[in-house]
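Notes for the one structure printed next.
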Amino acid sequence: MDQVLKGQIAVITGASSGIGAGVAKSLAAAGATVVVNYPTPSSLPAAESVLKEITNAGGAGMTAQCDVSKEEEVVNLFAEVVANYGTVDILINNAGLQRDAKFDEMTLEQWNTVISVNLTGQFLCAREAIREFLRRGPRPDVSVATGKIICMSSVHELIPWGGHANYATSKGGIKMLMQSLAQEYGDRKIRVNSICPGAIQTPINRAAWETPQALNSLMTLIPYNRIGQPSDIGNLAVFLCSDQSDYITGASIFIDGGMTVFEGFATNG
Ligand code: NAD
């Protein structure tokens with residue numbers, strides 16, 4: 001891969017598994033120094049193995065523990081990265097989880113857990129990243145933009161999702177957070193965009209792909225007839241962080257094998 005992100009520092013939240021791990025590997029292969037964030041000590045071995053794969057391939061980075069829903073931990077994470085590497089150029093706001101329930105059975109704890117991690121976590125990390133971009137100012141030697149943020153949203157910022165109202169609400173909120181930041185900080189050359197994945201094969205949606213029956217049923221939603229891989233998202237993230245996409249900001253990019261063209265309508269609905 002071309003070293004289009006050479007010399008840039010990228011923080012990837014929730015990078016010890018799934019899409020975050022895939023994005024960390026792709027950004028590192030494109031020359032970025034990556035911060036592989038994980039939430040609790042129990043995820044440290046997984047984070048270390050992601051980092052090892054990156055360094056074995058010639059990349060560079062560090063692991064860093066932080067629960068993105070905790071303000072103090074997020075502030076400390078960015079302070080640690082700036083102390084180690086001097087600044088941050090890229091934030092991949094990826095950490096997320098699901099706590100599914102029928103709406104009439106959903107507990108306040110299930111609601112609050114999802115909103116705290118998926119939405120408030122993105123607020124806290126984006127705020128620290130933007131503070132650092134503004135403090136540091138332009139770095140024209142590495143990028144035209146002063147800073148780049150990618151919010152990991154979902155097709156569910158568009159497609160309502162019964163049984164997952166907390167999750168869909170968090171992703172709908174991310175859309176407005178992302179667009180408001182793009183609007184507010186565009187003149188400071190900060191680009192903010194969302195990636196909206198469809199079905200990507202990761203631990204979060206294991207039930208949707210781990211049996212042949214489940215996978216067949218999933219394929220009825222995907223015109224392109226394959227499940228996505230974390231590397232699909234990694235390739236898009238590299239493009240969105242690079243100067244090749246310098247005129248893209250405030251955009252939700254859907255990457256879903258066609259899920260949002262609603263295959264059920266292919267034969268007249
Ligand atoms: P995953 O479960 O493998 O990854 C989620 C990551 O977030 C994990 O590494 C987990 O440790 C981390 N995390 C959870 N709570 C955290 C916290 N408080 N602080 C820091 N990290 C925390 O699942 P994934 O599919 O890789 O999900 C990554 C993102 O992609 C999520 O935001 C998810 O909503 C989104 N997404 C996934 C799909 C899909 O099909 N897999 C589709 C659309 C959107």
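So you can find residues: chains in the structure tokens are A, B, ... in the order shown, residues in each start at 1, and ligands are numbered from 1 in order.
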At a cut-off of 7 Å around ligand 1, and using only C-alpha atoms and all ligand atoms, what residues come up? Please write them as an mmCIF file with all heavy atoms, in the first residue's frame.
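What ended up in selection-v7.cif:
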```
data_model
loop_
_atom_site.group_PDB
_atom_site.id
_atom_site.type_symbol
_atom_site.label_atom_id
_atom_site.label_comp_id
_atom_site.auth_asym_id
_atom_site.auth_seq_id
_atom_site.Cartn_x
_atom_site.Cartn_y
_atom_site.Cartn_z
ATOM 1 N N THR A 13 -10.195 3.965 18.331
ATOM 2 C CA THR A 13 -10.827 3.452 19.553
ATOM 3 C C THR A 13 -11.421 2.074 19.273
ATOM 4 O O THR A 13 -11.824 1.756 18.149
ATOM 5 C CB THR A 13 -11.922 4.412 20.078
ATOM 6 O OG1 THR A 13 -12.990 4.478 19.138
ATOM 7 C CG2 THR A 13 -11.355 5.801 20.333
ATOM 8 N N GLY A 14 -11.448 1.257 20.327
ATOM 9 C CA GLY A 14 -11.993 -0.101 20.183
ATOM 10 C C GLY A 14 -11.258 -0.892 19.122
ATOM 11 O O GLY A 14 -11.865 -1.544 18.272
ATOM 12 N N ALA A 15 -9.918 -0.865 19.178
ATOM 13 C CA ALA A 15 -9.119 -1.447 18.085
ATOM 14 C C ALA A 15 -8.566 -2.831 18.403
ATOM 15 O O ALA A 15 -7.749 -3.355 17.654
ATOM 16 C CB ALA A 15 -7.977 -0.492 17.724
ATOM 17 N N SER A 16 -9.034 -3.442 19.504
ATOM 18 C CA SER A 16 -8.500 -4.770 19.825
ATOM 19 C C SER A 16 -9.282 -5.883 19.135
ATOM 20 O O SER A 16 -8.968 -7.058 19.305
ATOM 21 C CB SER A 16 -8.500 -4.982 21.347
ATOM 22 O OG SER A 16 -9.808 -4.852 21.864
ATOM 23 N N SER A 17 -10.304 -5.530 18.356
ATOM 24 C CA SER A 17 -11.054 -6.563 17.632
ATOM 25 C C SER A 17 -11.761 -5.945 16.439
ATOM 26 O O SER A 17 -11.810 -4.716 16.295
ATOM 27 C CB SER A 17 -12.100 -7.217 18.550
ATOM 28 O OG SER A 17 -13.124 -6.292 18.861
ATOM 29 N N GLY A 18 -12.280 -6.800 15.571
ATOM 30 C CA GLY A 18 -13.204 -6.416 14.517
ATOM 31 C C GLY A 18 -12.748 -5.288 13.610
ATOM 32 O O GLY A 18 -11.603 -5.249 13.147
ATOM 33 N N ILE A 19 -13.664 -4.354 13.368
ATOM 34 C CA ILE A 19 -13.413 -3.260 12.427
ATOM 35 C C ILE A 19 -12.257 -2.384 12.902
ATOM 36 O O ILE A 19 -11.406 -1.983 12.103
ATOM 37 C CB ILE A 19 -14.705 -2.422 12.246
ATOM 38 C CG1 ILE A 19 -15.752 -3.242 11.462
ATOM 39 C CG2 ILE A 19 -14.407 -1.105 11.550
ATOM 40 C CD1 ILE A 19 -17.128 -2.591 11.364
ATOM 41 N N GLY A 20 -12.206 -2.082 14.198
ATOM 42 C CA GLY A 20 -11.133 -1.229 14.722
ATOM 43 C C GLY A 20 -9.767 -1.842 14.469
ATOM 44 O O GLY A 20 -8.818 -1.148 14.066
ATOM 45 N N ASN A 37 -6.429 1.401 20.823
ATOM 46 C CA ASN A 37 -7.145 1.562 22.100
ATOM 47 C C ASN A 37 -7.957 0.306 22.430
ATOM 48 O O ASN A 37 -8.512 -0.350 21.545
ATOM 49 C CB ASN A 37 -8.084 2.777 22.006
ATOM 50 C CG ASN A 37 -9.187 2.733 23.055
ATOM 51 O OD1 ASN A 37 -10.354 2.541 22.720
ATOM 52 N ND2 ASN A 37 -8.835 2.868 24.323
ATOM 53 N N TYR A 38 -8.014 0.017 23.726
ATOM 54 C CA TYR A 38 -8.852 -1.083 24.235
ATOM 55 C C TYR A 38 -9.462 -0.611 25.558
ATOM 56 O O TYR A 38 -8.900 0.244 26.240
ATOM 57 C CB TYR A 38 -8.021 -2.367 24.415
ATOM 58 C CG TYR A 38 -6.897 -2.207 25.405
ATOM 59 C CD1 TYR A 38 -7.052 -2.634 26.721
ATOM 60 C CD2 TYR A 38 -5.710 -1.592 25.050
ATOM 61 C CE1 TYR A 38 -6.039 -2.456 27.662
ATOM 62 C CE2 TYR A 38 -4.692 -1.400 25.975
ATOM 63 C CZ TYR A 38 -4.871 -1.834 27.276
ATOM 64 O OH TYR A 38 -3.875 -1.642 28.199
ATOM 65 N N PRO A 39 -10.634 -1.186 25.955
ATOM 66 C CA PRO A 39 -11.356 -0.594 27.085
ATOM 67 C C PRO A 39 -10.938 -1.033 28.473
ATOM 68 O O PRO A 39 -10.989 -0.234 29.410
ATOM 69 C CB PRO A 39 -12.810 -0.999 26.822
ATOM 70 C CG PRO A 39 -12.733 -2.216 25.971
ATOM 71 C CD PRO A 39 -11.452 -2.155 25.216
ATOM 72 N N SER A 43 -8.964 -6.879 27.667
ATOM 73 C CA SER A 43 -8.733 -6.805 26.209
ATOM 74 C C SER A 43 -7.277 -6.518 25.854
ATOM 75 O O SER A 43 -6.944 -6.406 24.672
ATOM 76 C CB SER A 43 -9.582 -5.713 25.566
ATOM 77 O OG SER A 43 -10.802 -5.561 26.168
ATOM 78 N N CYS A 66 -8.398 2.720 27.586
ATOM 79 C CA CYS A 66 -9.305 3.842 27.877
ATOM 80 C C CYS A 66 -10.728 3.402 27.603
ATOM 81 O O CYS A 66 -11.019 2.865 26.536
ATOM 82 C CB CYS A 66 -8.942 5.040 26.985
ATOM 83 S SG CYS A 66 -10.239 6.284 26.864
ATOM 84 N N ASP A 67 -11.594 3.645 28.562
ATOM 85 C CA ASP A 67 -13.028 3.462 28.347
ATOM 86 C C ASP A 67 -13.542 4.778 27.771
ATOM 87 O O ASP A 67 -13.529 5.805 28.462
ATOM 88 C CB ASP A 67 -13.692 3.127 29.694
ATOM 89 C CG ASP A 67 -15.204 2.988 29.575
ATOM 90 O OD1 ASP A 67 -15.792 3.524 28.621
ATOM 91 O OD2 ASP A 67 -15.793 2.348 30.474
ATOM 92 N N VAL A 68 -13.986 4.748 26.512
ATOM 93 C CA VAL A 68 -14.320 6.006 25.830
ATOM 94 C C VAL A 68 -15.530 6.717 26.437
ATOM 95 O O VAL A 68 -15.766 7.882 26.132
ATOM 96 C CB VAL A 68 -14.567 5.803 24.315
ATOM 97 C CG1 VAL A 68 -13.309 5.308 23.628
ATOM 98 C CG2 VAL A 68 -15.755 4.887 24.045
ATOM 99 N N SER A 69 -16.268 6.029 27.291
ATOM 100 C CA SER A 69 -17.429 6.683 27.905
ATOM 101 C C SER A 69 -17.053 7.450 29.173
ATOM 102 O O SER A 69 -17.906 8.096 29.790
ATOM 103 C CB SER A 69 -18.510 5.646 28.226
ATOM 104 O OG SER A 69 -18.079 4.769 29.236
ATOM 105 N N ASN A 94 -14.358 4.598 16.721
ATOM 106 C CA ASN A 94 -14.902 3.298 16.302
ATOM 107 C C ASN A 94 -15.588 2.507 17.410
ATOM 108 O O ASN A 94 -16.479 1.712 17.142
ATOM 109 C CB ASN A 94 -13.751 2.472 15.710
ATOM 110 C CG ASN A 94 -14.130 1.019 15.526
ATOM 111 O OD1 ASN A 94 -14.829 0.665 14.577
ATOM 112 N ND2 ASN A 94 -13.680 0.161 16.445
ATOM 113 N N ALA A 95 -15.170 2.690 18.677
ATOM 114 C CA ALA A 95 -15.672 1.829 19.756
ATOM 115 C C ALA A 95 -17.202 1.832 19.786
ATOM 116 O O ALA A 95 -17.835 2.875 19.659
ATOM 117 C CB ALA A 95 -15.135 2.315 21.108
ATOM 118 N N GLY A 96 -17.772 0.647 19.938
ATOM 119 C CA GLY A 96 -19.223 0.560 19.985
ATOM 120 C C GLY A 96 -19.672 -0.784 20.503
ATOM 121 O O GLY A 96 -18.902 -1.743 20.537
ATOM 122 N N LEU A 97 -20.922 -0.832 20.927
ATOM 123 C CA LEU A 97 -21.475 -2.097 21.422
ATOM 124 C C LEU A 97 -22.988 -2.109 21.236
ATOM 125 O O LEU A 97 -23.596 -1.106 20.864
ATOM 126 C CB LEU A 97 -21.089 -2.322 22.899
ATOM 127 C CG LEU A 97 -21.191 -1.163 23.887
ATOM 128 C CD1 LEU A 97 -22.624 -0.784 24.176
ATOM 129 C CD2 LEU A 97 -20.482 -1.516 25.190
ATOM 130 N N VAL A 117 -21.428 4.684 25.378
ATOM 131 C CA VAL A 117 -20.246 4.251 24.621
ATOM 132 C C VAL A 117 -20.334 4.745 23.174
ATOM 133 O O VAL A 117 -19.411 5.391 22.662
ATOM 134 C CB VAL A 117 -20.094 2.710 24.657
ATOM 135 C CG1 VAL A 117 -18.939 2.267 23.754
ATOM 136 C CG2 VAL A 117 -19.872 2.234 26.092
ATOM 137 N N ASN A 118 -21.459 4.473 22.514
ATOM 138 C CA ASN A 118 -21.539 4.721 21.062
ATOM 139 C C ASN A 118 -21.628 6.208 20.720
ATOM 140 O O ASN A 118 -21.089 6.634 19.694
ATOM 141 C CB ASN A 118 -22.765 4.028 20.464
ATOM 142 C CG ASN A 118 -22.697 2.517 20.543
ATOM 143 O OD1 ASN A 118 -21.890 1.963 21.274
ATOM 144 N ND2 ASN A 118 -23.549 1.846 19.799
ATOM 145 N N MET A 152 -17.406 5.990 13.234
ATOM 146 C CA MET A 152 -17.941 4.711 12.761
ATOM 147 C C MET A 152 -19.414 4.715 13.070
ATOM 148 O O MET A 152 -19.840 4.573 14.211
ATOM 149 C CB MET A 152 -17.220 3.547 13.441
ATOM 150 C CG MET A 152 -17.276 2.265 12.644
ATOM 151 S SD MET A 152 -16.632 2.385 10.951
ATOM 152 C CE MET A 152 -14.868 2.608 11.259
ATOM 153 N N SER A 153 -20.204 4.945 12.038
ATOM 154 C CA SER A 153 -21.652 4.915 12.199
ATOM 155 C C SER A 153 -22.145 3.548 11.763
ATOM 156 O O SER A 153 -21.535 2.522 12.104
ATOM 157 C CB SER A 153 -22.273 6.063 11.401
ATOM 158 O OG SER A 153 -23.661 6.087 11.600
ATOM 159 N N SER A 154 -23.185 3.479 10.955
ATOM 160 C CA SER A 154 -23.783 2.199 10.558
ATOM 161 C C SER A 154 -24.850 2.481 9.518
ATOM 162 O O SER A 154 -25.349 3.623 9.430
ATOM 163 C CB SER A 154 -24.425 1.544 11.790
ATOM 164 O OG SER A 154 -25.285 0.482 11.405
ATOM 165 N N VAL A 155 -25.237 1.443 8.772
ATOM 166 C CA VAL A 155 -26.443 1.598 7.932
ATOM 167 C C VAL A 155 -27.631 1.986 8.804
ATOM 168 O O VAL A 155 -28.612 2.538 8.306
ATOM 169 C CB VAL A 155 -26.776 0.298 7.148
ATOM 170 C CG1 VAL A 155 -25.762 0.043 6.048
ATOM 171 C CG2 VAL A 155 -26.921 -0.906 8.059
ATOM 172 N N CYS A 196 -20.361 4.220 7.227
ATOM 173 C CA CYS A 196 -21.591 3.516 7.602
ATOM 174 C C CYS A 196 -21.544 2.093 7.079
ATOM 175 O O CYS A 196 -21.996 1.809 5.954
ATOM 176 C CB CYS A 196 -22.801 4.241 7.023
ATOM 177 S SG CYS A 196 -22.914 5.959 7.539
ATOM 178 N N PRO A 197 -21.002 1.159 7.893
ATOM 179 C CA PRO A 197 -20.906 -0.219 7.402
ATOM 180 C C PRO A 197 -22.268 -0.901 7.402
ATOM 181 O O PRO A 197 -23.138 -0.600 8.220
ATOM 182 C CB PRO A 197 -19.982 -0.903 8.427
ATOM 183 C CG PRO A 197 -19.373 0.198 9.237
ATOM 184 C CD PRO A 197 -20.353 1.327 9.196
ATOM 185 N N GLY A 198 -22.401 -1.861 6.478
ATOM 186 C CA GLY A 198 -23.532 -2.802 6.525
ATOM 187 C C GLY A 198 -23.119 -3.956 7.424
ATOM 188 O O GLY A 198 -22.742 -3.739 8.577
ATOM 189 N N ALA A 199 -23.194 -5.182 6.917
ATOM 190 C CA ALA A 199 -22.824 -6.346 7.738
ATOM 191 C C ALA A 199 -21.356 -6.689 7.507
ATOM 192 O O ALA A 199 -20.962 -7.095 6.413
ATOM 193 C CB ALA A 199 -23.701 -7.536 7.382
ATOM 194 N N ILE A 200 -20.564 -6.499 8.538
ATOM 195 C CA ILE A 200 -19.131 -6.809 8.489
ATOM 196 C C ILE A 200 -18.893 -7.961 9.472
ATOM 197 O O ILE A 200 -19.444 -7.954 10.583
ATOM 198 C CB ILE A 200 -18.281 -5.581 8.902
ATOM 199 C CG1 ILE A 200 -18.718 -4.317 8.130
ATOM 200 C CG2 ILE A 200 -16.796 -5.861 8.707
ATOM 201 C CD1 ILE A 200 -18.581 -4.357 6.635
ATOM 202 N N GLN A 201 -18.094 -8.930 9.064
ATOM 203 C CA GLN A 201 -17.920 -10.143 9.884
ATOM 204 C C GLN A 201 -17.014 -9.863 11.090
ATOM 205 O O GLN A 201 -15.790 -9.854 10.969
ATOM 206 C CB GLN A 201 -17.309 -11.241 9.006
ATOM 207 C CG GLN A 201 -17.362 -12.610 9.642
ATOM 208 C CD GLN A 201 -17.089 -13.713 8.633
ATOM 209 O OE1 GLN A 201 -16.555 -13.475 7.555
ATOM 210 N NE2 GLN A 201 -17.442 -14.932 8.992
ATOM 211 N N THR A 202 -17.645 -9.609 12.235
ATOM 212 C CA THR A 202 -16.904 -9.312 13.466
ATOM 213 C C THR A 202 -17.662 -9.923 14.652
ATOM 214 O O THR A 202 -18.807 -10.369 14.489
ATOM 215 C CB THR A 202 -16.795 -7.779 13.719
ATOM 216 O OG1 THR A 202 -18.071 -7.306 14.171
ATOM 217 C CG2 THR A 202 -16.354 -7.003 12.493
ATOM 218 N N PRO A 203 -17.065 -9.877 15.845
ATOM 219 C CA PRO A 203 -17.755 -10.456 17.008
ATOM 220 C C PRO A 203 -19.099 -9.795 17.325
ATOM 221 O O PRO A 203 -19.979 -10.435 17.907
ATOM 222 C CB PRO A 203 -16.755 -10.214 18.158
ATOM 223 C CG PRO A 203 -15.423 -10.112 17.491
ATOM 224 C CD PRO A 203 -15.678 -9.480 16.152
ATOM 225 N N ILE A 204 -19.316 -8.536 16.948
ATOM 226 C CA ILE A 204 -20.535 -7.834 17.368
ATOM 227 C C ILE A 204 -21.785 -8.479 16.778
ATOM 228 O O ILE A 204 -22.864 -8.399 17.351
ATOM 229 C CB ILE A 204 -20.463 -6.323 16.996
ATOM 230 C CG1 ILE A 204 -21.256 -5.455 17.982
ATOM 231 C CG2 ILE A 204 -20.958 -6.051 15.600
ATOM 232 C CD1 ILE A 204 -21.096 -3.931 17.771
ATOM 233 N N ASN A 205 -21.653 -9.107 15.583
ATOM 234 C CA ASN A 205 -22.839 -9.669 14.913
ATOM 235 C C ASN A 205 -22.656 -11.154 14.589
ATOM 236 O O ASN A 205 -23.163 -11.639 13.577
ATOM 237 C CB ASN A 205 -23.139 -8.865 13.633
ATOM 238 C CG ASN A 205 -21.961 -8.859 12.678
ATOM 239 O OD1 ASN A 205 -20.932 -9.478 12.968
ATOM 240 N ND2 ASN A 205 -22.101 -8.197 11.553
#
```
*asked:* For Thr220 (chain A), find every residue with an atom within 10 Å (counting only C-alpha atoms), except residues of its own chain fewer than 2 positions away, and show them as a list in words.
replied: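 Contacts, with the query itself left out: Leu215, Asn216, Ser217, Leu218, Ile222, Pro223, Tyr224, Asn225, Met259, Phe262, Glu263 and Gly264 of chain A.
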Kindly save the residues from that selection, with all heavy atoms included, as a JSON list (two decimals), in the first residue's frame.
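This went into result01.json:
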```json
[["chain", "number", "residue", "atom", "x", "y", "z"],
["A", 215, "LEU", "N", -26.27, -17.07, 7.75],
["A", 215, "LEU", "CA", -25.58, -16.37, 6.67],
["A", 215, "LEU", "C", -26.47, -16.27, 5.43],
["A", 215, "LEU", "O", -26.54, -15.23, 4.78],
["A", 215, "LEU", "CB", -24.26, -17.10, 6.34],
["A", 215, "LEU", "CG", -23.27, -16.33, 5.48],
["A", 215, "LEU", "CD1", -22.84, -15.02, 6.11],
["A", 215, "LEU", "CD2", -22.02, -17.19, 5.21],
["A", 216, "ASN", "N", -27.18, -17.38, 5.10],
["A", 216, "ASN", "CA", -28.11, -17.36, 3.95],
["A", 216, "ASN", "C", -29.18, -16.31, 4.13],
["A", 216, "ASN", "O", -29.51, -15.57, 3.19],
["A", 216, "ASN", "CB", -28.81, -18.73, 3.80],
["A", 216, "ASN", "CG", -27.94, -19.68, 3.01],
["A", 216, "ASN", "OD1", -27.04, -19.24, 2.31],
["A", 216, "ASN", "ND2", -28.20, -20.96, 3.15],
["A", 217, "SER", "N", -29.69, -16.23, 5.35],
["A", 217, "SER", "CA", -30.74, -15.26, 5.62],
["A", 217, "SER", "C", -30.18, -13.83, 5.48],
["A", 217, "SER", "O", -30.83, -12.93, 4.93],
["A", 217, "SER", "CB", -31.31, -15.56, 7.00],
["A", 217, "SER", "OG", -31.92, -14.46, 7.53],
["A", 218, "LEU", "N", -28.95, -13.64, 5.97],
["A", 218, "LEU", "CA", -28.30, -12.32, 5.84],
["A", 218, "LEU", "C", -28.14, -11.93, 4.37],
["A", 218, "LEU", "O", -28.32, -10.76, 4.01],
["A", 218, "LEU", "CB", -26.93, -12.37, 6.54],
["A", 218, "LEU", "CG", -26.12, -11.08, 6.57],
["A", 218, "LEU", "CD1", -26.84, -9.98, 7.35],
["A", 218, "LEU", "CD2", -24.74, -11.32, 7.19],
["A", 222, "ILE", "N", -28.36, -8.42, 1.14],
["A", 222, "ILE", "CA", -27.12, -7.88, 0.56],
["A", 222, "ILE", "C", -27.03, -8.22, -0.93],
["A", 222, "ILE", "O", -26.65, -9.34, -1.29],
["A", 222, "ILE", "CB", -25.87, -8.43, 1.31],
["A", 222, "ILE", "CG1", -26.00, -8.14, 2.82],
["A", 222, "ILE", "CG2", -24.59, -7.83, 0.74],
["A", 222, "ILE", "CD1", -24.88, -8.73, 3.66],
["A", 223, "PRO", "N", -27.38, -7.28, -1.81],
["A", 223, "PRO", "CA", -27.34, -7.56, -3.24],
["A", 223, "PRO", "C", -25.99, -8.12, -3.70],
["A", 223, "PRO", "O", -25.95, -8.98, -4.58],
["A", 223, "PRO", "CB", -27.60, -6.19, -3.89],
["A", 223, "PRO", "CG", -28.36, -5.43, -2.87],
["A", 223, "PRO", "CD", -27.87, -5.92, -1.52],
["A", 224, "TYR", "N", -24.90, -7.67, -3.14],
["A", 224, "TYR", "CA", -23.58, -8.11, -3.61],
["A", 224, "TYR", "C", -23.22, -9.50, -3.10],
["A", 224, "TYR", "O", -22.19, -10.07, -3.47],
["A", 224, "TYR", "CB", -22.52, -7.08, -3.18],
["A", 224, "TYR", "CG", -21.28, -7.11, -4.05],
["A", 224, "TYR", "CD1", -21.37, -6.89, -5.42],
["A", 224, "TYR", "CD2", -20.02, -7.36, -3.50],
["A", 224, "TYR", "CE1", -20.23, -6.92, -6.22],
["A", 224, "TYR", "CE2", -18.88, -7.39, -4.29],
["A", 224, "TYR", "CZ", -19.00, -7.17, -5.64],
["A", 224, "TYR", "OH", -17.87, -7.21, -6.43],
["A", 225, "ASN", "N", -24.09, -10.06, -2.25],
["A", 225, "ASN", "CA", -24.01, -11.47, -1.82],
["A", 225, "ASN", "C", -22.72, -11.90, -1.14],
["A", 225, "ASN", "O", -22.25, -13.02, -1.35],
["A", 225, "ASN", "CB", -24.26, -12.40, -3.02],
["A", 225, "ASN", "CG", -25.70, -12.85, -3.05],
["A", 225, "ASN", "OD1", -26.39, -12.81, -2.02],
["A", 225, "ASN", "ND2", -26.19, -13.24, -4.21],
["A", 259, "MET", "N", -26.68, -2.99, 0.78],
["A", 259, "MET", "CA", -27.80, -3.17, 1.73],
["A", 259, "MET", "C", -28.78, -2.00, 1.68],
["A", 259, "MET", "O", -30.00, -2.19, 1.77],
["A", 259, "MET", "CB", -27.25, -3.33, 3.15],
["A", 259, "MET", "CG", -28.29, -3.72, 4.17],
["A", 259, "MET", "SD", -27.56, -3.90, 5.81],
["A", 259, "MET", "CE", -27.11, -5.62, 5.83],
["A", 262, "PHE", "N", -31.96, -1.68, -0.67],
["A", 262, "PHE", "CA", -33.17, -2.43, -0.29],
["A", 262, "PHE", "C", -33.54, -3.52, -1.31],
["A", 262, "PHE", "O", -34.48, -3.38, -2.10],
["A", 262, "PHE", "CB", -34.35, -1.45, -0.05],
["A", 262, "PHE", "CG", -34.05, -0.46, 1.04],
["A", 262, "PHE", "CD1", -33.77, 0.87, 0.75],
["A", 262, "PHE", "CD2", -34.01, -0.86, 2.38],
["A", 262, "PHE", "CE1", -33.47, 1.78, 1.75],
["A", 262, "PHE", "CE2", -33.73, 0.05, 3.39],
["A", 262, "PHE", "CZ", -33.46, 1.37, 3.06],
["A", 263, "GLU", "N", -32.78, -4.63, -1.24],
["A", 263, "GLU", "CA", -32.92, -5.73, -2.20],
["A", 263, "GLU", "C", -34.34, -6.29, -2.27],
["A", 263, "GLU", "O", -34.76, -6.81, -3.31],
["A", 263, "GLU", "CB", -31.94, -6.87, -1.82],
["A", 263, "GLU", "CG", -31.89, -7.97, -2.85],
["A", 263, "GLU", "CD", -30.75, -8.96, -2.63],
["A", 263, "GLU", "OE1", -30.19, -8.99, -1.52],
["A", 263, "GLU", "OE2", -30.44, -9.68, -3.58],
["A", 264, "GLY", "N", -35.09, -6.19, -1.16],
["A", 264, "GLY", "CA", -36.46, -6.71, -1.14],
["A", 264, "GLY", "C", -37.34, -6.09, -2.22],
["A", 264, "GLY", "O", -38.36, -6.67, -2.60]]
```
*In region 13-246 of chain A, what's strand (DSSP E) per DSSP? Answer as a ChimeraX atom specification?*
/A:33-38,60-65,90-93,147-152,190-197
*Could you name the residues that touch Val75 (chain A) at 9 Å or less, counting only C-alpha atoms, but leaving out those on the same chain fewer than 5 positions away, as a PyMOL selection string?*
chain A and resi 70+80+124-125+128
C-alpha atoms of the current selection, written as a PDB file, in the first residue's frame:
```pdb
ATOM      1  CA  LYS A  70     -15.329   8.066  30.804  1.00  0.00           C
ATOM      2  CA  GLU A  80      -0.595  10.165  26.774  1.00  0.00           C
ATOM      3  CA  LEU A 124     -15.578  12.895  24.254  1.00  0.00           C
ATOM      4  CA  CYS A 125     -12.959  11.584  21.817  1.00  0.00           C
ATOM      5  CA  GLU A 128     -10.164  15.969  22.698  1.00  0.00           C
TER       6      GLU A 128
END
```
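Of the residues listed (A:Asp141, A:Thr63, A:Ser252, A:Ser116), A:Thr63 shows the shortest atom-to-atom separation from Ala46 (chain A); distances use only C-alpha atoms.
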*Any idea what's packed within 10 Å of Gly58 (chain A), counting only C-alpha atoms, ignoring anything in its chain fewer than 3 positions away? Could you give it as a ChimeraX atom specification?*
/A:28-29,31,52-55
Go ahead and save the residues from that selection, with N, CA, C and O atoms, as a tab-separated table (two decimals), in the first residue's frame.
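Final file, out-v3.tsv:
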```
chain	number	residue	atom	x	y	z
A	28	ALA	N	-1.87	1.60	9.50
A	28	ALA	CA	-0.44	1.36	9.74
A	28	ALA	C	0.26	0.98	8.43
A	28	ALA	O	1.37	1.45	8.15
A	29	ALA	N	-0.41	0.17	7.62
A	29	ALA	CA	0.19	-0.22	6.32
A	29	ALA	C	0.34	0.99	5.41
A	29	ALA	O	1.20	1.01	4.53
A	31	GLY	N	1.26	3.86	6.51
A	31	GLY	CA	2.33	4.69	7.06
A	31	GLY	C	2.02	5.41	8.35
A	31	GLY	O	2.89	6.06	8.93
A	52	LYS	N	1.18	-6.40	17.52
A	52	LYS	CA	2.29	-7.27	17.09
A	52	LYS	C	2.20	-7.53	15.58
A	52	LYS	O	3.20	-7.49	14.87
A	53	GLU	N	0.96	-7.80	15.13
A	53	GLU	CA	0.78	-8.02	13.69
A	53	GLU	C	1.23	-6.78	12.91
A	53	GLU	O	1.86	-6.88	11.85
A	54	ILE	N	0.91	-5.61	13.45
A	54	ILE	CA	1.28	-4.35	12.80
A	54	ILE	C	2.81	-4.17	12.77
A	54	ILE	O	3.39	-3.86	11.73
A	55	THR	N	3.45	-4.41	13.91
A	55	THR	CA	4.91	-4.19	13.95
A	55	THR	C	5.64	-5.27	13.14
A	55	THR	O	6.64	-4.99	12.49
```
*asked:* Give me, as a ChimeraX atom specification, all polymer residues having an atom no more than 10 Å from Tyr85 (chain A), counting only C-alpha atoms and skipping those fewer than 3 positions away in the same chain.
replied: /A:8-9,33,61,80-82,88
Write a file of the just-selected residues containing N, CA and C atoms, as an mmCIF file, in the first residue's frame.
```cif
data_model
loop_
_atom_site.group_PDB
_atom_site.id
_atom_site.type_symbol
_atom_site.label_atom_id
_atom_site.label_comp_id
_atom_site.auth_asym_id
_atom_site.auth_seq_id
_atom_site.Cartn_x
_atom_site.Cartn_y
_atom_site.Cartn_z
ATOM 1 N N GLN A 8 1.865 10.454 10.125
ATOM 2 C CA GLN A 8 0.663 10.878 10.856
ATOM 3 C C GLN A 8 0.366 9.935 12.029
ATOM 4 N N ILE A 9 -0.206 10.520 13.075
ATOM 5 C CA ILE A 9 -0.531 9.767 14.293
ATOM 6 C C ILE A 9 -2.039 9.542 14.318
ATOM 7 N N THR A 33 1.341 6.028 12.320
ATOM 8 C CA THR A 33 1.656 5.435 13.623
ATOM 9 C C THR A 33 0.332 5.300 14.350
ATOM 10 N N GLY A 61 3.415 1.679 16.451
ATOM 11 C CA GLY A 61 2.301 2.147 17.269
ATOM 12 C C GLY A 61 2.423 1.725 18.708
ATOM 13 N N GLU A 80 -1.647 11.191 26.891
ATOM 14 C CA GLU A 80 -0.595 10.165 26.774
ATOM 15 C C GLU A 80 -0.066 10.095 25.333
ATOM 16 N N VAL A 81 -0.978 10.168 24.378
ATOM 17 C CA VAL A 81 -0.563 10.086 22.970
ATOM 18 C C VAL A 81 0.267 11.317 22.587
ATOM 19 N N VAL A 82 -0.184 12.488 23.025
ATOM 20 C CA VAL A 82 0.562 13.717 22.703
ATOM 21 C C VAL A 82 1.936 13.693 23.387
ATOM 22 N N VAL A 88 -1.755 14.439 17.552
ATOM 23 C CA VAL A 88 -2.677 13.475 16.936
ATOM 24 C C VAL A 88 -3.145 14.100 15.630
#
```
*asked:* With distances taken over only C-alpha atoms, which residue among A:Asn268, A:Asn56, A:Asn93, A:Gln98 lies nearest Ala10 (chain A)?
replied: A:Asn93
